[in-house]
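Colleague: One file is attached below, run_21.cif, containing mmCIF, C-alpha atoms and all ligand atoms.
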data_protein
loop_
_atom_site.label_atom_id
_atom_site.label_comp_id
_atom_site.auth_asym_id
_atom_site.auth_seq_id
_atom_site.Cartn_x
_atom_site.Cartn_y
_atom_site.Cartn_z
CA MET A 13 116.33 103.83 130.00
CA LYS A 14 117.16 103.73 126.29
CA LYS A 15 114.38 105.13 124.15
CA ALA A 16 114.14 106.11 120.52
CA ILE A 17 111.75 107.51 117.98
CA TYR A 18 111.09 106.15 114.49
CA PRO A 19 109.50 108.99 112.49
CA GLY A 20 108.03 108.63 109.03
CA SER A 21 105.09 109.02 106.71
CA PHE A 22 104.09 105.33 106.74
CA ASP A 23 101.63 105.92 103.88
CA PRO A 24 101.12 102.99 104.01
CA LEU A 25 103.09 100.86 106.44
CA THR A 26 105.10 98.19 104.58
CA TYR A 27 106.86 94.99 105.67
CA GLY A 28 110.09 97.00 105.34
CA HIS A 29 108.91 99.48 108.00
CA LEU A 30 107.74 96.61 110.21
CA ASP A 31 111.14 94.94 110.00
CA ILE A 32 112.84 98.17 111.12
CA ILE A 33 110.29 98.60 113.95
CA ARG A 34 110.89 95.07 115.25
CA ARG A 35 114.66 95.39 115.14
CA ALA A 36 114.69 98.85 116.76
CA ALA A 37 112.32 97.60 119.46
CA ASP A 38 114.83 94.84 120.22
CA ILE A 39 117.64 97.36 120.62
CA PHE A 40 115.83 100.02 122.67
CA ASP A 41 113.80 99.67 125.86
CA ASN A 42 111.11 101.91 124.39
CA LEU A 43 110.39 102.80 120.80
CA THR A 44 107.89 105.40 119.66
CA VAL A 45 106.80 105.17 116.04
CA SER A 46 105.54 108.58 115.03
CA VAL A 47 103.55 109.49 111.94
CA LEU A 48 104.33 112.85 110.39
CA ASP A 49 101.22 114.99 109.95
CA ASN A 50 102.42 116.85 106.86
CA HIS A 51 99.94 119.45 105.60
CA THR A 52 101.93 120.01 102.40
CA LYS A 53 101.32 116.46 101.17
CA THR A 54 98.10 114.69 100.22
CA PRO A 55 98.50 111.21 101.70
CA LEU A 56 96.42 108.17 100.81
CA PHE A 57 95.65 107.56 104.49
CA SER A 58 94.82 110.18 107.11
CA VAL A 59 97.13 110.49 110.10
CA GLU A 60 94.50 108.76 112.26
CA GLU A 61 94.26 105.85 109.80
CA ARG A 62 98.03 105.46 109.69
CA VAL A 63 98.31 105.58 113.46
CA ASN A 64 95.60 102.91 113.75
CA ILE A 65 97.32 100.70 111.15
CA LEU A 66 100.59 100.99 113.06
CA LYS A 67 98.88 100.25 116.38
CA GLU A 68 97.36 97.09 114.93
CA ALA A 69 100.69 96.03 113.39
CA THR A 70 102.64 96.54 116.62
CA LYS A 71 100.08 95.21 119.11
CA ASP A 72 102.37 92.24 119.91
CA MET A 73 105.28 94.58 120.72
CA PRO A 74 104.79 95.82 124.29
CA ASN A 75 107.62 98.36 124.20
CA VAL A 76 106.35 100.10 121.06
CA ARG A 77 103.94 103.02 121.13
CA VAL A 78 102.47 104.92 118.21
CA GLU A 79 101.95 108.67 118.01
CA SER A 80 101.78 111.43 115.43
CA PHE A 81 103.59 114.72 115.21
CA SER A 82 103.62 117.88 113.14
CA GLY A 83 106.26 120.52 112.66
CA LEU A 84 109.95 119.94 113.15
CA LEU A 85 111.11 116.53 114.36
CA ILE A 86 113.68 118.13 116.67
CA ASP A 87 110.99 120.14 118.48
CA TYR A 88 108.83 117.06 118.98
CA ALA A 89 111.83 114.99 120.08
CA LYS A 90 112.91 117.65 122.57
CA GLU A 91 109.40 117.94 124.04
CA LYS A 92 109.19 114.15 124.48
CA GLY A 93 112.80 113.63 125.57
CA TYR A 94 114.00 111.53 122.63
CA HIS A 95 117.68 111.74 121.69
CA VAL A 96 117.82 109.06 119.00
CA SER A 97 115.89 108.94 115.74
CA ILE A 98 115.75 105.67 113.83
CA ARG A 99 115.71 105.55 110.05
CA GLY A 100 115.93 102.64 107.65
CA LEU A 101 118.38 102.56 104.73
CA ARG A 102 117.40 100.42 101.75
CA ALA A 103 120.05 101.34 99.23
CA ILE A 104 122.70 103.91 98.46
CA THR A 105 119.96 106.06 96.89
CA ASP A 106 118.42 106.52 100.36
CA PHE A 107 121.74 107.47 101.85
CA GLU A 108 122.17 111.01 100.47
CA TYR A 109 118.67 112.06 101.48
CA GLU A 110 118.91 110.43 104.91
CA LEU A 111 122.38 111.82 105.60
CA GLN A 112 121.11 115.31 104.81
CA ILE A 113 118.12 114.93 107.17
CA ALA A 114 120.31 113.43 109.92
CA GLN A 115 122.88 116.21 109.69
CA THR A 116 120.21 118.90 109.53
CA ASN A 117 118.56 117.51 112.65
CA LYS A 118 121.90 117.34 114.44
CA MET A 119 122.62 120.96 113.54
CA LEU A 120 119.12 122.23 114.42
CA SER A 121 119.08 120.37 117.72
CA HIS A 122 122.64 121.49 118.62
CA GLY A 123 123.69 117.86 118.81
CA GLU A 124 120.75 116.76 120.96
CA LEU A 125 119.12 114.53 118.33
CA ASP A 126 121.23 111.80 116.78
CA THR A 127 120.15 109.46 113.99
CA MET A 128 120.72 105.72 113.98
CA PHE A 129 120.40 103.91 110.66
CA LEU A 130 119.29 100.32 110.37
CA THR A 131 119.98 98.77 107.00
CA SER A 132 116.88 97.15 105.62
CA ASP A 133 116.79 93.41 105.20
CA VAL A 134 117.61 92.55 101.56
CA GLU A 135 114.24 90.85 101.40
CA PHE A 136 112.61 94.28 101.69
CA SER A 137 115.18 96.48 99.99
CA TYR A 138 112.98 97.05 96.92
CA LEU A 139 109.91 98.03 98.95
CA SER A 140 108.52 101.55 99.10
CA SER A 141 105.16 102.99 100.12
CA SER A 142 104.90 104.86 96.82
CA GLY A 143 105.58 101.64 94.89
CA VAL A 144 102.90 99.85 96.90
CA LYS A 145 100.38 102.58 96.08
CA GLU A 146 101.22 102.53 92.38
CA ILE A 147 100.93 98.74 92.14
CA ALA A 148 97.65 98.73 94.09
CA SER A 149 96.16 101.57 92.06
CA PHE A 150 96.45 99.36 88.95
CA GLY A 151 95.02 96.35 90.78
CA GLY A 152 98.41 94.63 91.14
CA ASP A 153 99.37 92.20 93.88
CA ILE A 154 100.79 93.87 97.01
CA SER A 155 100.47 90.81 99.26
CA GLN A 156 104.25 90.48 99.57
CA CYS A 157 104.67 94.15 100.45
CA VAL A 158 102.20 94.86 103.26
CA PRO A 159 100.20 92.86 105.84
CA ASP A 160 96.88 91.51 104.53
CA TYR A 161 94.67 93.95 106.41
CA VAL A 162 96.76 96.86 105.13
CA ALA A 163 96.46 95.54 101.56
CA ARG A 164 92.67 95.44 101.93
CA LEU A 165 92.61 99.04 103.19
CA VAL A 166 94.85 100.17 100.32
CA TYR A 167 92.67 98.47 97.69
CA ASP A 168 89.57 100.02 99.31
CA LYS A 169 91.10 103.46 98.78
CA TYR A 170 91.34 102.71 95.06
CA ASN A 171 87.91 101.06 94.94
CA ILE A 172 89.46 97.77 93.91
CA LYS A 173 87.67 94.58 94.97
O1 LIG A 201 108.79 108.38 105.67
P1 LIG A 201 109.42 109.66 105.21
O2 LIG A 201 108.42 110.52 104.47
O3 LIG A 201 110.69 109.43 104.43
O4 LIG A 201 109.82 110.45 106.57
C1 LIG A 201 110.45 111.72 106.51
C2 LIG A 201 110.52 112.38 107.89
C3 LIG A 201 109.16 112.34 108.58
C4 LIG A 201 111.53 111.66 108.75
C5 LIG A 201 111.00 113.84 107.70
O5 LIG A 201 110.33 114.40 106.61
C6 LIG A 201 110.76 114.71 108.92
O6 LIG A 201 111.29 114.47 109.98
N1 LIG A 201 109.91 115.75 108.74
C7 LIG A 201 109.54 116.65 109.81
C8 LIG A 201 110.00 118.08 109.47
C9 LIG A 201 111.45 118.28 109.86
O7 LIG A 201 111.85 118.10 111.00
N2 LIG A 201 112.28 118.74 108.89
C10 LIG A 201 113.68 119.05 109.15
C11 LIG A 201 114.61 117.90 108.78
S1 LIG A 201 114.95 117.96 107.05
#
With the file now loaded, output its structure as structure tokens.
Ligand code: PNS
Modeller:
Amino acid sequence: MKKAIYPGSFDPLTYGHLDIIRRAADIFDNLTVSVLDNHTKTPLFSVEERVNILKEATKDMPNVRVESFSGLLIDYAKEKGYHVSIRGLRAITDFEYELQIAQTNKMLSHGELDTMFLTSDVEFSYLSSSGVKEIASFGGDISQCVPDYVARLVYDKYNIK
């Protein structure tokens, strides 16, 4: 059975992430989307909130499950038996960072964890969670970036009606 993990911060989930999730779920029998619980960052949404957002967004995808993890990805992947990590590539600027993470994970896992890149749809290549947060914090329109219910939750965080 082919299974993969799609790790990330998802703070918040964007249409770009959703596109990668859908496409990876078509390729693999089982896909686990896993939210990084990173104590060194101050996210807009708690891990629980992000997991719930992802569960709502993927409820029509029966082979997708949502979890969270902390610590090293390779340790989590080993514990759960995942050998492939999915990451999205929007532009060449993502590539250097992603290549470094992929090679580090390969080295740390002694070749056990490989990374598969899916290039983002051009429609979403400009999208980023940090951009969404900045736009929303100034009351801008994020309706083309995230699902409606996510947009509402983001605006609520900034006390924007
Ligand atoms: O959505 P993001 O923030 O770009 O996702 C980054 C993520 C979660 C894939 C990466 O930071 C990660 O896997 N962190 C866990 C810690 C780890 O394993 N670090 C070693 C690889 S550099």
Colleague: Report, in Å to a single decimal, how far apart CA of Ile172 (chain A) and CA of Ile147 (chain A) are.
Modeller: 11.6 Å
Colleague: Got a sec: who's within 9 Å of Leu30 (chain A), counting all atoms listed in the file, leaving out chain neighbours fewer than 5 positions off, as a list in words?
Modeller: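 The residues that qualify are Leu25, Arg35, Leu66, Ala69 and Thr70 of chain A.
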Colleague: May I have the protein, DNA and RNA residues with any atom at most 12 Å from the point (124.1, 108.0, 121.5), counting all atoms listed in the file, written as a list in words?
Modeller: Lys14, Lys15, Ala16, Phe40, Tyr94, His95, Val96, Ser97, Ile98, Lys118, Gly123, Glu124, Leu125, Asp126, Thr127 and Met128 of chain A
Colleague: Which protein, DNA or RNA residues have an atom within 9 Å of ligand LIG 201 (chain A), counting all atoms listed in the file, as JSON, numbers by chain?
Modeller: {"A": [18, 19, 20, 21, 22, 23, 46, 47, 48, 49, 50, 81, 82, 83, 84, 85, 86, 87, 88, 97, 98, 99, 109, 110, 112, 113, 114, 115, 116, 117, 120, 141]}
Colleague: Closest to Ala36 (chain A) among A:Ser132, A:Ser58, A:Asn64, A:Asn171, using only C-alpha atoms?
Modeller: A:Ser132
Colleague: What is the CA of Met13 (chain A)-CA of Ile32 (chain A) distance in Å, reported with one decimal?
Modeller: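 If I compute the distance from CA of Met13 (chain A) to CA of Ile32 (chain A), I get 20.0 Å.
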Colleague: Using only C-alpha atoms, which residues sit within 10 Å of Leu139 (chain A) once same-chain residues fewer than 2 positions away are excluded, as a compact mmCIF listing (two decimals) with C-alpha atoms, in the frame of the given file?
Modeller:
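Result written to selection_29.txt:
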# COMPACT_ATOMS: atom_id res chain seq x y z
CA THR A 26 105.10 98.19 104.58
CA TYR A 27 106.86 94.99 105.67
CA GLY A 28 110.09 97.00 105.34
CA HIS A 29 108.91 99.48 108.00
CA ARG A 102 117.40 100.42 101.75
CA SER A 132 116.88 97.15 105.62
CA VAL A 134 117.61 92.55 101.56
CA GLU A 135 114.24 90.85 101.40
CA PHE A 136 112.61 94.28 101.69
CA SER A 137 115.18 96.48 99.99
CA SER A 141 105.16 102.99 100.12
CA SER A 142 104.90 104.86 96.82
CA GLY A 143 105.58 101.64 94.89
CA VAL A 144 102.90 99.85 96.90
CA GLN A 156 104.25 90.48 99.57
CA CYS A 157 104.67 94.15 100.45
CA VAL A 158 102.20 94.86 103.26
Colleague: If we count all atoms listed in the file, what is near Val76 (chain A) at a cut-off of 8 Å, once residues fewer than 6 positions away on the same chain are taken out, given as a ChimeraX atom specification?
Modeller: /A:37,42-45,70
Colleague: Report the centre and edge lengths, in Å to one decimal, of an axis-aligned box enclosing every atom of region 83-89 of chain A listed in the file, padded by 8 Å on each side, as JSON.
Modeller:
{"center_x": 110.0, "center_y": 117.8, "center_z": 116.4, "size_x": 23.4, "size_y": 21.5, "size_z": 23.4}
Colleague: Give me, please, the distance in Å between CA of Phe150 (chain A) and CA of Leu165 (chain A), quoted to one decimal.
Modeller: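 Result for CA of Phe150 (chain A) versus CA of Leu165 (chain A): 14.8 Å, one decimal.
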Colleague: Which of these, A:Ala163, A:Ile154, A:Leu130, A:Val63, has the shortest distance to Arg34 (chain A) once you count all atoms listed in the file?
Modeller: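 Among A:Ala163, A:Ile154, A:Leu130, A:Val63, it is A:Leu130 that comes nearest to Arg34 (chain A).
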Colleague: Of the candidates A:Glu68, A:Glu61, A:Asp133, A:Asp106, which one gets nearest to Ser80 (chain A) if we count all atoms listed in the file?
Modeller: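 Nearest to Ser80 (chain A): A:Glu61.
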Colleague: Check the smallest atom-to-atom distance from each of A:Phe57, A:Asp41, A:His122, A:Lys71 to Asp168 (chain A) using all atoms listed in the file, then report the winner.
Modeller: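 Ranking A:Phe57, A:Asp41, A:His122, A:Lys71 by distance to Asp168 (chain A), first place goes to A:Phe57.
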Colleague: For a quick check of understanding, using all atoms listed in the file, which of A:Met73, A:Leu56, A:Ile17, A:Ile65 has the smallest distance to Gly93 (chain A)?
Modeller: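 Using all atoms listed in the file, Gly93 (chain A) sits closest to A:Ile17.
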Colleague: With all atoms listed in the file as the basis for distance, which of A:Ile39, A:Ala148, A:Ile33, A:Leu111 is at the shortest distance from Lys67 (chain A)?
Modeller: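 Looking only at the distances to Lys67 (chain A), the closest residue turns out to be A:Ile33.
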